[in-house]
Amino acid sequence: MDIPGDRRLAAAVVMDGEQRVLLVRRSEKERFLPRVWGVPCGKLEPGESPGDGALRELKEETGLLGEIVRKVGESSFLSDYRGHEIKNWQENFLVRPLTSDITLPERDQDSIWLARAELTRVDIDAYNLDIVRQAFTEF
């Protein structure tokens with residue numbers, strides 16, 4: 001059995017001019033955190049920089065194009081792969097949207113723009129909430 005090693009990921013905290021953050025609800029078909037709200041993120045492809053990975057994931061998960069404003073922090077979490085613990089290392093970026101039409105890959109997904117004080121209106125897990133809070137550190 002091929003057991004993966006540590007995984008590298010990148011996340012895009014998309015913030016508009018009104019300092020609202022874009023959250024996306026995961027599909028119920030997802031094995032990991034189905035129907036939970038979070039920021040666009042995912043695994044880096046071989047040779048891909050974290051910034052490029054964050055922008056690629058943003059495009060794949062929302063259809064939006066974006067521009068990196070700055071790196072806001074790093075996160076890590078453990079996950080399970082066929083009974084084996086995997087360490088996930090994630091770099092988090094504040095992103096300015098360059099387009100506005102959101103296209104989600106699955107019909108049961110949803111998206112919402114929320115101000116900082118509104119973040120707890122949705123079922124966002126503590127991990128994603130921390131990533132969003134990292135983006136507000138300089139505001």
# chains A, B, ... in the order shown; residues from 1 in each chain; ligands from 1

$ residues_around --residues "region 118-133 of chain A" --least-positions-apart "6" --cutoff "10 Å" --atoms "only C-alpha atoms" --output "JSON, numbers by chain"
{"A": [11, 12, 13, 14, 15, 20, 21, 22, 23, 24, 25, 33, 35, 36, 37, 38, 39, 40, 41, 72, 73, 74, 75, 76, 77, 90, 91, 92, 93, 94, 112]}

$ write_last_selection --atoms "N, CA and C atoms" --output "short mmCIF file (atom, residue, chain, number, x, y, z; two decimals), in the first residue's frame"
data_model
loop_
_atom_site.label_atom_id
_atom_site.label_comp_id
_atom_site.auth_asym_id
_atom_site.auth_seq_id
_atom_site.Cartn_x
_atom_site.Cartn_y
_atom_site.Cartn_z
N ALA A 11 -4.45 27.94 1.29
CA ALA A 11 -5.81 28.45 1.44
C ALA A 11 -5.88 29.90 0.99
N ALA A 12 -7.06 30.26 0.44
CA ALA A 12 -7.31 31.63 -0.02
C ALA A 12 -8.42 32.24 0.81
N VAL A 13 -8.08 33.24 1.62
CA VAL A 13 -9.08 34.00 2.36
C VAL A 13 -9.42 35.20 1.47
N VAL A 14 -10.55 35.11 0.79
CA VAL A 14 -10.94 36.14 -0.17
C VAL A 14 -11.69 37.23 0.57
N MET A 15 -11.19 38.47 0.48
CA MET A 15 -11.82 39.60 1.17
C MET A 15 -12.12 40.70 0.16
N ARG A 20 -15.51 42.00 3.77
CA ARG A 20 -16.30 40.77 3.93
C ARG A 20 -15.48 39.62 3.37
N VAL A 21 -15.62 38.46 4.00
CA VAL A 21 -14.87 37.27 3.61
C VAL A 21 -15.82 36.29 2.90
N LEU A 22 -15.31 35.66 1.86
CA LEU A 22 -16.07 34.66 1.14
C LEU A 22 -15.91 33.30 1.80
N LEU A 23 -17.03 32.69 2.18
CA LEU A 23 -17.02 31.32 2.69
C LEU A 23 -17.80 30.44 1.72
N VAL A 24 -17.35 29.20 1.60
CA VAL A 24 -18.00 28.22 0.73
C VAL A 24 -18.40 27.01 1.57
N ARG A 25 -19.64 26.55 1.38
CA ARG A 25 -20.08 25.35 2.09
C ARG A 25 -19.71 24.13 1.25
N LEU A 33 -15.26 16.71 6.30
CA LEU A 33 -16.07 17.87 6.70
C LEU A 33 -17.20 18.21 5.72
N ARG A 35 -20.58 19.55 4.24
CA ARG A 35 -21.52 20.63 4.55
C ARG A 35 -20.99 21.66 5.55
N VAL A 36 -19.70 21.69 5.78
CA VAL A 36 -19.09 22.68 6.68
C VAL A 36 -18.63 23.86 5.83
N TRP A 37 -18.76 25.05 6.38
CA TRP A 37 -18.33 26.28 5.71
C TRP A 37 -16.85 26.51 5.93
N GLY A 38 -16.17 26.99 4.92
CA GLY A 38 -14.76 27.29 5.06
C GLY A 38 -14.25 28.11 3.89
N VAL A 39 -12.94 28.31 3.86
CA VAL A 39 -12.31 29.07 2.79
C VAL A 39 -11.83 28.10 1.72
N PRO A 40 -11.71 28.57 0.47
CA PRO A 40 -11.17 27.71 -0.58
C PRO A 40 -9.74 27.28 -0.23
N CYS A 41 -9.49 25.99 -0.30
CA CYS A 41 -8.15 25.48 0.00
C CYS A 41 -8.00 24.09 -0.60
N VAL A 72 -0.87 35.36 5.30
CA VAL A 72 -1.38 35.76 6.61
C VAL A 72 -1.00 34.79 7.73
N GLY A 73 -0.53 33.60 7.37
CA GLY A 73 -0.14 32.67 8.40
C GLY A 73 -0.04 31.26 7.88
N GLU A 74 0.16 30.36 8.84
CA GLU A 74 0.27 28.93 8.54
C GLU A 74 -0.60 28.16 9.52
N SER A 75 -1.02 27.00 9.08
CA SER A 75 -1.84 26.13 9.93
C SER A 75 -1.41 24.69 9.68
N SER A 76 -1.77 23.82 10.60
CA SER A 76 -1.52 22.40 10.38
C SER A 76 -2.61 21.60 11.07
N PHE A 77 -2.85 20.42 10.53
CA PHE A 77 -3.82 19.52 11.13
C PHE A 77 -3.47 18.09 10.75
N GLN A 90 -0.32 23.84 5.95
CA GLN A 90 -1.06 24.75 5.08
C GLN A 90 -0.56 26.19 5.23
N GLU A 91 -0.36 26.86 4.09
CA GLU A 91 -0.04 28.28 4.07
C GLU A 91 -1.30 29.03 3.68
N ASN A 92 -1.59 30.12 4.39
CA ASN A 92 -2.84 30.86 4.23
C ASN A 92 -2.56 32.25 3.68
N PHE A 93 -3.36 32.65 2.68
CA PHE A 93 -3.14 33.90 1.98
C PHE A 93 -4.41 34.75 1.96
N LEU A 94 -4.22 36.05 2.14
CA LEU A 94 -5.29 37.01 1.93
C LEU A 94 -5.32 37.29 0.43
N ILE A 112 -21.21 32.47 0.62
CA ILE A 112 -21.74 33.64 1.33
C ILE A 112 -20.58 34.59 1.64
#

$ residues_around --residues "Leu64 (chain A)" --least-positions-apart "3" --cutoff "7 Å" --atoms "only C-alpha atoms" --output "list in words"
Leu58, Lys59, Pro97, Thr99, Ser100, Asp101 and Ile102 of chain A

$ write_last_selection --atoms "N, CA and C atoms" --output "PDB file, in the first residue's frame"
ATOM      1  N   LEU A  58      -8.750  28.563  -5.497  1.00  0.00           N
ATOM      2  CA  LEU A  58      -9.817  29.557  -5.555  1.00  0.00           C
ATOM      3  C   LEU A  58     -10.580  29.440  -6.869  1.00  0.00           C
ATOM      4  N   LYS A  59      -9.856  29.347  -7.977  1.00  0.00           N
ATOM      5  CA  LYS A  59     -10.488  29.234  -9.299  1.00  0.00           C
ATOM      6  C   LYS A  59     -11.273  27.919  -9.418  1.00  0.00           C
ATOM      7  N   PRO A  97     -10.347  39.587  -4.687  1.00  0.00           N
ATOM      8  CA  PRO A  97     -11.000  39.027  -5.880  1.00  0.00           C
ATOM      9  C   PRO A  97     -10.857  39.969  -7.076  1.00  0.00           C
ATOM     10  N   THR A  99     -12.525  39.017 -10.043  1.00  0.00           N
ATOM     11  CA  THR A  99     -13.790  38.777 -10.729  1.00  0.00           C
ATOM     12  C   THR A  99     -14.874  38.608  -9.672  1.00  0.00           C
ATOM     13  N   SER A 100     -16.143  38.598 -10.097  1.00  0.00           N
ATOM     14  CA  SER A 100     -17.219  38.553  -9.096  1.00  0.00           C
ATOM     15  C   SER A 100     -18.237  37.426  -9.267  1.00  0.00           C
ATOM     16  N   ASP A 101     -18.226  36.732 -10.398  1.00  0.00           N
ATOM     17  CA  ASP A 101     -19.218  35.674 -10.625  1.00  0.00           C
ATOM     18  C   ASP A 101     -18.737  34.351 -10.029  1.00  0.00           C
ATOM     19  N   ILE A 102     -19.426  33.902  -8.986  1.00  0.00           N
ATOM     20  CA  ILE A 102     -19.056  32.666  -8.300  1.00  0.00           C
ATOM     21  C   ILE A 102     -19.753  31.489  -8.977  1.00  0.00           C
TER      22      ILE A 102
END

$ closest_residue --among "A:Phe136, A:Tyr81, A:Trp89, A:Phe32" --to "Asp6 (chain A)" --atoms "only C-alpha atoms"
A:Trp89

$ select_by_dssp --residues "region 5-117 of chain A" --states "alpha helix (DSSP H)" --output "PyMOL selection string"
chain A and resi 50-62

$ closest_residue --among "A:Thr62, A:Ser79, A:Arg56, A:Arg96" --to "Glu18 (chain A)" --atoms "only C-alpha atoms"
A:Arg96

$ atom_distance --atom1 "CA of Glu61 (chain A)" --atom2 "CA of Glu85 (chain A)"
25.9 Å
